[in-house]
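Pasted below: final12.cif, mmCIF, C-alpha atoms.
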data_input
#
loop_
_atom_site.group_PDB
_atom_site.id
_atom_site.type_symbol
_atom_site.label_atom_id
_atom_site.label_comp_id
_atom_site.auth_asym_id
_atom_site.auth_seq_id
_atom_site.Cartn_x
_atom_site.Cartn_y
_atom_site.Cartn_z
ATOM 1 C CA MET A 30 35.478 16.543 -9.797
ATOM 2 C CA LYS A 31 36.561 14.223 -6.985
ATOM 3 C CA GLY A 32 33.597 15.415 -4.849
ATOM 4 C CA ASP A 33 31.176 14.350 -7.594
ATOM 5 C CA LYS A 34 32.703 10.861 -7.675
ATOM 6 C CA THR A 35 32.390 10.527 -3.876
ATOM 7 C CA MET A 36 28.778 11.694 -4.033
ATOM 8 C CA THR A 37 28.080 9.146 -6.780
ATOM 9 C CA ASN A 38 29.698 6.358 -4.749
ATOM 10 C CA ASP A 39 27.652 7.356 -1.676
ATOM 11 C CA PHE A 40 24.511 7.354 -3.803
ATOM 12 C CA HIS A 41 25.277 3.872 -5.169
ATOM 13 C CA ASP A 42 26.050 2.573 -1.665
ATOM 14 C CA GLN A 43 22.707 3.867 -0.408
ATOM 15 C CA VAL A 44 20.877 2.238 -3.312
ATOM 16 C CA ILE A 45 22.580 -1.103 -2.682
ATOM 17 C CA ALA A 46 21.839 -0.960 1.060
ATOM 18 C CA LEU A 47 18.170 -0.235 0.354
ATOM 19 C CA LEU A 48 17.620 -3.026 -2.210
ATOM 20 C CA PRO A 49 16.190 -5.613 0.245
ATOM 21 C CA ARG A 50 13.550 -3.179 1.514
ATOM 22 C CA LEU A 51 12.708 -2.137 -2.040
ATOM 23 C CA ARG A 52 12.227 -5.795 -2.977
ATOM 24 C CA VAL A 53 9.814 -6.321 -0.082
ATOM 25 C CA GLN A 54 7.812 -3.257 -1.060
ATOM 26 C CA ALA A 55 7.794 -4.277 -4.725
ATOM 27 C CA LEU A 56 6.654 -7.790 -3.833
ATOM 28 C CA SER A 57 3.807 -6.384 -1.755
ATOM 29 C CA LEU A 58 2.709 -4.231 -4.666
ATOM 30 C CA THR A 59 3.061 -6.748 -7.499
ATOM 31 C CA ARG A 60 2.371 -10.050 -5.675
ATOM 32 C CA ASN A 61 4.779 -11.696 -8.117
ATOM 33 C CA ARG A 62 8.479 -12.311 -7.510
ATOM 34 C CA ALA A 63 9.592 -11.792 -11.124
ATOM 35 C CA ALA A 64 7.473 -8.662 -11.527
ATOM 36 C CA ALA A 65 8.827 -7.361 -8.202
ATOM 37 C CA ASP A 66 12.418 -7.840 -9.366
ATOM 38 C CA ASP A 67 11.609 -6.031 -12.613
ATOM 39 C CA LEU A 68 9.957 -3.208 -10.692
ATOM 40 C CA VAL A 69 12.981 -2.794 -8.395
ATOM 41 C CA GLN A 70 15.313 -2.809 -11.392
ATOM 42 C CA ASP A 71 13.236 -0.174 -13.181
ATOM 43 C CA ALA A 72 13.023 1.977 -10.046
ATOM 44 C CA VAL A 73 16.787 1.794 -9.524
ATOM 45 C CA CYS A 74 17.350 2.756 -13.164
ATOM 46 C CA ASN A 75 14.990 5.708 -12.718
ATOM 47 C CA ALA A 76 16.806 6.734 -9.532
ATOM 48 C CA LEU A 77 20.213 6.485 -11.181
ATOM 49 C CA SER A 78 19.099 8.593 -14.105
ATOM 50 C CA ALA A 79 17.587 11.155 -11.714
ATOM 51 C CA GLN A 80 20.296 11.111 -9.048
ATOM 52 C CA HIS A 81 21.122 14.736 -9.829
ATOM 53 C CA SER A 82 17.655 15.672 -8.512
ATOM 54 C CA PHE A 83 18.246 14.031 -5.106
ATOM 55 C CA THR A 84 19.183 16.521 -2.407
ATOM 56 C CA PRO A 85 21.937 15.091 -0.166
ATOM 57 C CA GLY A 86 21.001 15.141 3.497
ATOM 58 C CA THR A 87 17.321 14.444 2.853
ATOM 59 C CA ASN A 88 15.627 11.099 3.414
ATOM 60 C CA PHE A 89 17.041 8.811 0.727
ATOM 61 C CA PRO A 90 14.869 5.749 1.586
ATOM 62 C CA ALA A 91 11.698 7.829 1.319
ATOM 63 C CA TRP A 92 12.870 9.198 -2.043
ATOM 64 C CA MET A 93 13.558 5.686 -3.358
ATOM 65 C CA HIS A 94 10.277 4.254 -2.033
ATOM 66 C CA ARG A 95 8.429 7.097 -3.764
ATOM 67 C CA ILE A 96 10.210 6.360 -7.061
ATOM 68 C CA LEU A 97 9.325 2.664 -6.748
ATOM 69 C CA ARG A 98 5.681 3.395 -5.985
ATOM 70 C CA ASN A 99 5.385 5.918 -8.815
ATOM 71 C CA ARG A 100 6.970 3.443 -11.228
ATOM 72 C CA PHE A 101 4.479 0.774 -10.126
ATOM 73 C CA ILE A 102 1.556 3.134 -10.723
ATOM 74 C CA SER A 103 2.909 4.133 -14.137
ATOM 75 C CA ASP A 104 3.309 0.475 -15.102
ATOM 76 C CA LEU A 105 -0.259 -0.267 -13.997
ATOM 77 C CA ARG A 106 -1.600 2.525 -16.165
ATOM 78 C CA LYS A 107 0.306 1.196 -19.174
ATOM 79 C CA LYS A 108 -0.913 -2.371 -18.679
ATOM 80 C CA ARG A 109 -4.601 -1.577 -18.313
ATOM 81 C CA GLU A 110 -6.464 -3.735 -20.729
ATOM 82 C CA THR A 111 -9.866 -5.277 -20.765
ATOM 83 C CA GLY A 112 -10.838 -8.756 -21.738
ATOM 84 C CA ASP A 113 -13.994 -10.654 -22.273
ATOM 85 C CA ILE A 114 -15.007 -13.174 -19.601
ATOM 86 C CA GLU A 115 -16.037 -15.503 -22.402
ATOM 87 C CA ASP A 116 -12.388 -15.801 -23.472
ATOM 88 C CA VAL A 117 -11.279 -17.138 -20.080
ATOM 89 C CA PRO A 118 -11.144 -20.935 -19.869
ATOM 90 C CA THR A 119 -13.643 -22.373 -17.402
ATOM 91 C CA ALA A 120 -10.791 -24.180 -15.625
ATOM 92 C CA ALA A 121 -9.378 -20.793 -14.646
ATOM 93 C CA LEU A 122 -12.653 -19.878 -12.975
ATOM 94 C CA ALA A 123 -13.133 -23.194 -11.180
ATOM 95 C CA CYS A 124 -11.995 -23.659 -7.587
ATOM 96 C CA SER A 125 -10.161 -26.784 -6.549
ATOM 97 C CA GLY A 126 -10.672 -28.493 -3.190
ATOM 98 C CA ALA A 127 -7.745 -26.911 -1.322
ATOM 99 C CA HIS A 128 -7.005 -26.967 2.360
ATOM 100 C CA GLU A 129 -8.722 -24.489 4.615
ATOM 101 C CA GLU A 130 -5.468 -22.664 5.348
ATOM 102 C CA ARG A 131 -4.759 -22.203 1.664
ATOM 103 C CA LEU A 132 -8.227 -20.776 1.194
ATOM 104 C CA ALA A 133 -7.702 -18.405 4.107
ATOM 105 C CA VAL A 134 -4.451 -17.152 2.556
ATOM 106 C CA LYS A 135 -6.220 -16.700 -0.791
ATOM 107 C CA GLU A 136 -9.021 -14.831 0.907
ATOM 108 C CA LEU A 137 -6.519 -12.587 2.687
ATOM 109 C CA ALA A 138 -4.676 -11.893 -0.571
ATOM 110 C CA SER A 139 -7.968 -11.067 -2.276
ATOM 111 C CA ALA A 140 -8.945 -8.755 0.554
ATOM 112 C CA MET A 141 -5.519 -7.097 0.420
ATOM 113 C CA ASP A 142 -6.036 -6.493 -3.316
ATOM 114 C CA ARG A 143 -9.348 -4.762 -2.570
ATOM 115 C CA LEU A 144 -7.729 -2.271 -0.196
ATOM 116 C CA PRO A 145 -6.925 1.170 -1.555
ATOM 117 C CA ALA A 146 -3.303 1.242 -2.699
ATOM 118 C CA ASP A 147 -2.203 3.734 -0.034
ATOM 119 C CA GLN A 148 -3.687 1.626 2.773
ATOM 120 C CA ARG A 149 -2.270 -1.632 1.405
ATOM 121 C CA GLU A 150 1.165 -0.100 1.007
ATOM 122 C CA ALA A 151 1.074 1.387 4.521
ATOM 123 C CA LEU A 152 0.006 -1.923 6.056
ATOM 124 C CA VAL A 153 2.741 -3.861 4.269
ATOM 125 C CA MET A 154 5.433 -1.360 5.150
ATOM 126 C CA VAL A 155 4.536 -1.344 8.859
ATOM 127 C CA VAL A 156 3.580 -4.991 9.368
ATOM 128 C CA MET A 157 5.889 -6.838 6.979
ATOM 129 C CA GLN A 158 8.835 -4.468 6.707
ATOM 130 C CA GLY A 159 8.729 -3.362 10.322
ATOM 131 C CA MET A 160 8.816 0.338 9.483
ATOM 132 C CA SER A 161 7.854 2.805 12.176
ATOM 133 C CA TYR A 162 4.947 5.136 11.540
ATOM 134 C CA GLU A 163 7.441 7.987 11.229
ATOM 135 C CA GLU A 164 9.415 6.144 8.534
ATOM 136 C CA LEU A 165 6.184 5.289 6.740
ATOM 137 C CA ALA A 166 5.103 8.927 6.848
ATOM 138 C CA GLU A 167 8.414 10.038 5.325
ATOM 139 C CA ALA A 168 8.334 7.343 2.644
ATOM 140 C CA SER A 169 4.730 8.160 1.730
ATOM 141 C CA GLY A 170 5.091 11.904 1.979
ATOM 142 C CA CYS A 171 2.294 12.318 4.510
ATOM 143 C CA ALA A 172 1.843 13.246 8.173
ATOM 144 C CA VAL A 173 2.481 10.631 10.892
ATOM 145 C CA GLY A 174 -1.189 10.759 11.870
ATOM 146 C CA THR A 175 -2.190 10.023 8.288
ATOM 147 C CA ALA A 176 0.203 7.050 8.198
ATOM 148 C CA LYS A 177 -1.270 5.663 11.426
ATOM 149 C CA SER A 178 -4.773 6.192 10.086
ATOM 150 C CA ARG A 179 -4.005 4.322 6.855
ATOM 151 C CA VAL A 180 -2.669 1.308 8.761
ATOM 152 C CA PHE A 181 -5.610 1.369 11.177
ATOM 153 C CA ARG A 182 -8.167 1.618 8.389
ATOM 154 C CA ALA A 183 -6.496 -1.159 6.420
ATOM 155 C CA ARG A 184 -6.508 -3.473 9.446
ATOM 156 C CA ARG A 185 -10.106 -2.640 10.283
ATOM 157 C CA GLN A 186 -11.257 -3.098 6.682
ATOM 158 C CA LEU A 187 -9.480 -6.458 6.364
ATOM 159 C CA GLU A 188 -11.048 -7.612 9.607
ATOM 160 C CA THR A 189 -14.482 -6.567 8.376
ATOM 161 C CA TRP A 190 -14.099 -8.313 5.018
ATOM 162 C CA LEU A 191 -12.601 -11.482 6.460
ATOM 163 C CA GLU A 192 -15.365 -11.757 9.045
ATOM 164 C CA GLY A 193 -17.967 -11.284 6.314
ATOM 165 C CA GLU A 194 -19.273 -7.938 7.536
ATOM 166 C CA GLU A 195 -19.669 -5.604 4.586
ATOM 167 C CA GLN A 196 -20.909 -2.577 6.529
ATOM 168 C CA SER A 197 -19.226 0.740 6.034
ATOM 169 C CA THR A 198 -18.142 2.803 9.012
ATOM 170 C CA GLU A 199 -20.693 5.448 8.025
ATOM 171 C CA THR A 200 -23.487 2.860 8.225
ATOM 172 C CA VAL A 201 -22.344 1.798 11.676
ATOM 173 C CA ARG A 202 -22.147 5.434 12.835
ATOM 174 C CA LEU A 203 -25.611 6.216 11.480
ATOM 175 C CA ARG A 204 -27.082 3.165 13.203
ATOM 176 C CA GLY A 205 -25.591 4.382 16.464
ATOM 177 C CA VAL A 206 -27.114 7.830 15.953
ATOM 178 C CA VAL A 207 -30.519 6.275 15.175
ATOM 179 C CA ALA A 208 -30.331 4.164 18.336
ATOM 180 C CA ARG A 209 -29.533 7.240 20.410
ATOM 181 C CA LEU A 210 -32.369 9.154 18.710
ATOM 182 C CA ARG A 211 -34.744 6.504 19.910
ATOM 183 C CA GLN A 212 -33.358 6.899 23.415
ATOM 184 C CA GLY A 213 -33.476 10.642 23.685
ATOM 185 C CA GLY A 214 -32.437 14.052 22.525
ATOM 186 C CA ALA A 215 -28.634 13.791 22.875
ATOM 187 C CA ALA A 216 -28.296 12.314 19.395
ATOM 188 C CA ARG A 217 -30.531 15.045 17.951
ATOM 189 C CA ASP A 218 -28.101 17.608 19.290
ATOM 190 C CA GLU A 219 -25.223 15.672 17.693
ATOM 191 C CA LEU A 220 -26.986 15.665 14.308
ATOM 192 C CA ARG A 221 -27.788 19.373 14.533
ATOM 193 C CA SER A 222 -24.151 20.215 15.326
ATOM 194 C CA ARG A 223 -22.946 18.620 12.061
#
What's the structure tokens form of this structure?
Amino acid sequence: MKGDKTMTNDFHDQVIALLPRLRVQALSLTRNRAAADDLVQDAVCNALSAQHSFTPGTNFPAWMHRILRNRFISDLRKKRETGDIEDVPTAALACSGAHEERLAVKELASAMDRLPADQREALVMVVMQGMSYEELAEASGCAVGTAKSRVFRARRQLETWLEGEEQSTETVRLRGVVARLRQGGAARDELRSR
């Protein structure tokens, strides 16, 4: 019985030590401080109620980050609702004359929202939280190469959107193949090999 109490205390200590990182992740997902605090609280409650399913000796931070992310996704599914654009006040749609820096931050936030959730989460965890690719891979349950790819793609996509270039990578690749076709047969061989 004493071993169970020690295991419970260790579990609680790990949860408490991980709270700051969970808050950062929750804030990156929700973009709202109050909603982030609620999300962390809900994730911790889920973890406490499921602590019997955690295997000691495995990666606790990855387990907790997964619970937080799954809780966020579940909450999003519950909150899905549609509204009519006619019901929105025109003042909410109007833009005020803000400083250029404020507009750039808004544009970045909007671009971040457009990223696929896995890429946005990977970018935030590596850039803002300072996680290594290995830690990201464990927290996301994917290979290290996949984690690196998600961060790379997120950075590249943000750069493309913020510079106003809306071309997909496939379009760019196809244009390169067309240019090589015009130059000679090497590109034809590349197309045939696919």
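Matched in the shown structure by the PyMOL selection byres ((chain A and resi 185) around 12): A:Ala140, A:Met141, A:Leu144, A:Gln148, A:Arg149, A:Leu152, A:Ser178, A:Arg179, A:Val180, A:Phe181, A:Arg182, A:Ala183, A:Arg184, A:Gln186, A:Leu187, A:Glu188, A:Thr189, A:Trp190, A:Leu191, A:Glu192, A:Glu194, A:Glu195, A:Gln196, A:Ser197, A:Thr198.
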Computed gap from atom CA of Gln54 of chain A to atom CA of Cys171 of chain A is 17.4 Å
Legend entry - Separation of atom CA of Val134 of chain A from atom CA of Leu105 of chain A, in Å and rounded to one decimal: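 Separation of atom CA of Val134 of chain A and atom CA of Leu105 of chain A: 24.0 Å.
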Target residues per the PyMOL selection byres ((chain A and resi 58-67) around 10), formatted as a ChimeraX atom specification
/A:51-57,68-73,97-98,101-102,105,138,142,146,149-150,153
Write out as a ChimeraX atom specification which residues come within 9 Å of Ala91 of chain A when counting all atoms listed in the file, dropping same-chain ones fewer than 4 positions away.
/A:87,95-96,164-170
Residues just named, written with C-alpha atoms as a compact mmCIF listing (two decimals), keeping the file's coordinate frame:
# COMPACT_ATOMS: atom_id res chain seq x y z
CA THR A 87 17.32 14.44 2.85
CA ARG A 95 8.43 7.10 -3.76
CA ILE A 96 10.21 6.36 -7.06
CA GLU A 164 9.41 6.14 8.53
CA LEU A 165 6.18 5.29 6.74
CA ALA A 166 5.10 8.93 6.85
CA GLU A 167 8.41 10.04 5.32
CA ALA A 168 8.33 7.34 2.64
CA SER A 169 4.73 8.16 1.73
CA GLY A 170 5.09 11.90 1.98
Can you sort out the box for segment 161-180 of chain A, edges along x, y and z, all listed atoms in, 3 Å on every side, with centre and edge lengths in Å to one decimal, as AutoDock Vina command-line options?
--center_x 2.3 --center_y 7.3 --center_z 7.0 --size_x 20.2 --size_y 17.9 --size_z 16.4
Please compute the atom CA of Ala176 of chain A-atom CA of Ala151 of chain A distance, one decimal, in Å.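 Taking atom CA of Ala176 of chain A and atom CA of Ala151 of chain A, their separation equals 6.8 Å.
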